[in-house]
Amino acid sequence: AREQLGDGAWLLHGHVLQHEAALFAAALAVAAQSPFRRMATRGGGMLSVAMTNCGKVGWISDARGYRYDRIDPLTGHPWPELPSLFGSVAREAAMAAGYDALAPDACLVNRYEPRTKLSLHQDRDELDLAAPIVSVSLGLAATFLFGGLQRNAPTRKVRVESGDVVVWGGASRLAFHAVAPLAAGEHRLAGACRINLTFRRVASPA
Ligand code: MD3
Ligand code: FE
């Protein structure tokens, strides 16, 4: 079932349930090469969510701010290649939401443990703002807070479960959003954690 969350934003319930175990295993394989780590922020704080990346470029944050880089600063090597299953899932999910096929050059892998969260923000470090972002949830369920184009706009709560996909583009591409603190629990595949994959097109088209 395809649920419209806003102008250009779609929730595809259970869309990748069939690939849940393979996606989870591929995320762990990425983390075996480029480990999950908590990143610093410009303000001197630390993100509570642990992150890694795969693909041509990866999203990083440190005392200098946010950016995409081809090199993992923790390993000093390029990020792991995008697993082929990730590429096909991103391409197909974008199309299922009514967009052109997405050819992601970045995949940010977020690992949430109980009580960790992502504060309200916009995703605007990508040069290609025409491409949608595809988000795949695995493991424990979470609550997304989906706001508007202004930071102070009201937010709507959206519950996402393992195997759900959210695609946001168009008028929602720059919407403010957050992830509420993860509730404790136990997932048969992921244990006490949630993994989120976000597939992005960072480089400008051609
Ligand atoms: C915006 N990650 O890494 S996208 C991020 O669960 C990030 O880890 C989220 O935000 C996570 O930058 C997944 C959250 C999201 C969901 C629905 C939206 C953002 C949205 C709908 C419209 C606009
Ligand atoms: Fe985001």
# chains A, B, ... in the order shown; residues from 1 in each chain; ligands from 1
>>> residues_near_ligand(ligand="ligand 2", cutoff="9 Å", atoms="only C-alpha atoms and all ligand atoms", output="PyMOL selection string")
chain A and resi 118+120-124+176-179+198
>>> residues_near_ligand(ligand="ligand 1", cutoff="6 Å", atoms="only C-alpha atoms and all ligand atoms", output="ChimeraX atom specification")
/A:9,110,123,135,144,146,166,168,172-173,175,177,179,196
>>> select_by_dssp(residues="region 30-175 of chain A", states="strand (DSSP E or B)", output="JSON, numbers by chain")
{"A": [37, 38, 39, 40, 46, 47, 48, 49, 50, 51, 52, 53, 54, 58, 59, 60, 61, 62, 65, 66, 67, 68, 69, 71, 78, 106, 107, 108, 109, 110, 111, 112, 118, 119, 120, 121, 133, 134, 135, 136, 137, 138, 139, 142, 143, 144, 145, 146, 156, 157, 158, 159, 160, 165, 166, 167, 168]}
>>> residues_around(residues="His19 (chain A)", least_positions_apart="4", cutoff="10 Å", atoms="only C-alpha atoms", output="ChimeraX atom specification")
/A:15,23-25,85,89,163
>>> write_last_selection(atoms="C-alpha atoms", output="tab-separated table (two decimals), in the first residue's frame")
chain	number	residue	atom	x	y	z
A	15	HIS	CA	7.76	-2.54	0.27
A	23	LEU	CA	19.37	-5.75	3.20
A	24	PHE	CA	20.24	-6.12	6.88
A	25	ALA	CA	23.13	-8.49	6.08
A	85	LEU	CA	20.82	-4.96	-3.89
A	89	VAL	CA	16.01	-1.27	-4.25
A	163	GLY	CA	10.58	-3.19	5.52
>>> residues_around(residues="Ala40 (chain A)", least_positions_apart="5", cutoff="6 Å", atoms="only C-alpha atoms", output="list in words")
Gly45, Met46, Ser61 and Asp62 of chain A
>>> closest_atom_pairs(of="region 59-170 of chain A", to="region 28-37 of chain A", cutoff="10 Å", atoms="only C-alpha atoms", output="Markdown table")
| residue | atom | partner | partner_atom | distance |
| --- | --- | --- | --- | --- |
| A:Asp72 | CA | A:Ser34 | CA | 7.2 |
| A:Pro73 | CA | A:Ser34 | CA | 9.6 |
| A:Leu74 | CA | A:Ser34 | CA | 7.6 |
| A:Thr75 | CA | A:Ser34 | CA | 6.8 |
| A:Gly76 | CA | A:Ser34 | CA | 9.7 |
| A:His77 | CA | A:Ser34 | CA | 8.7 |
| A:Pro78 | CA | A:Ser34 | CA | 9.0 |
| A:Trp79 | CA | A:Ser34 | CA | 6.7 |
| A:Pro80 | CA | A:Val30 | CA | 6.1 |
| A:Glu81 | CA | A:Val30 | CA | 8.1 |
| A:Leu82 | CA | A:Val30 | CA | 8.4 |
| A:Pro83 | CA | A:Val30 | CA | 8.3 |
| A:Val109 | CA | A:Phe36 | CA | 8.3 |
| A:Asn110 | CA | A:Phe36 | CA | 8.1 |
| A:Arg111 | CA | A:Phe36 | CA | 7.5 |
>>> atom_distance(atom1="CA of Ala21 (chain A)", atom2="CA of Ala1 (chain A)")
20.8 Å
>>> closest_residue(among="A:Lys117, A:Arg151, A:Arg200, A:Arg42", to="Phe86 (chain A)", atoms="only C-alpha atoms")
A:Arg200
>>> closest_residue(among="A:Met39, A:Val165, A:Ala27, A:Val134", to="Gly65 (chain A)", atoms="only C-alpha atoms")
A:Met39
>>> select_by_dssp(residues="region 87-178 of chain A", states="helix (DSSP H, G or I)", output="ChimeraX atom specification")
/A:87-96,170-172
>>> closest_residue(among="A:Ala101, A:Val136, A:Met51, A:Cys107", to="Leu12 (chain A)", atoms="only C-alpha atoms")
A:Val136
>>> closest_residue(among="A:Asp69, A:Glu20, A:Asp100, A:Asp105", to="Ala130 (chain A)", atoms="only C-alpha atoms")
A:Asp100
>>> closest_residue(among="A:Tyr68, A:Gly8, A:Gly44, A:Gln18", to="Leu127 (chain A)", atoms="only C-alpha atoms")
A:Tyr68
>>> atom_distance(atom1="CA of Ala103 (chain A)", atom2="CA of Arg70 (chain A)")
16.8 Å
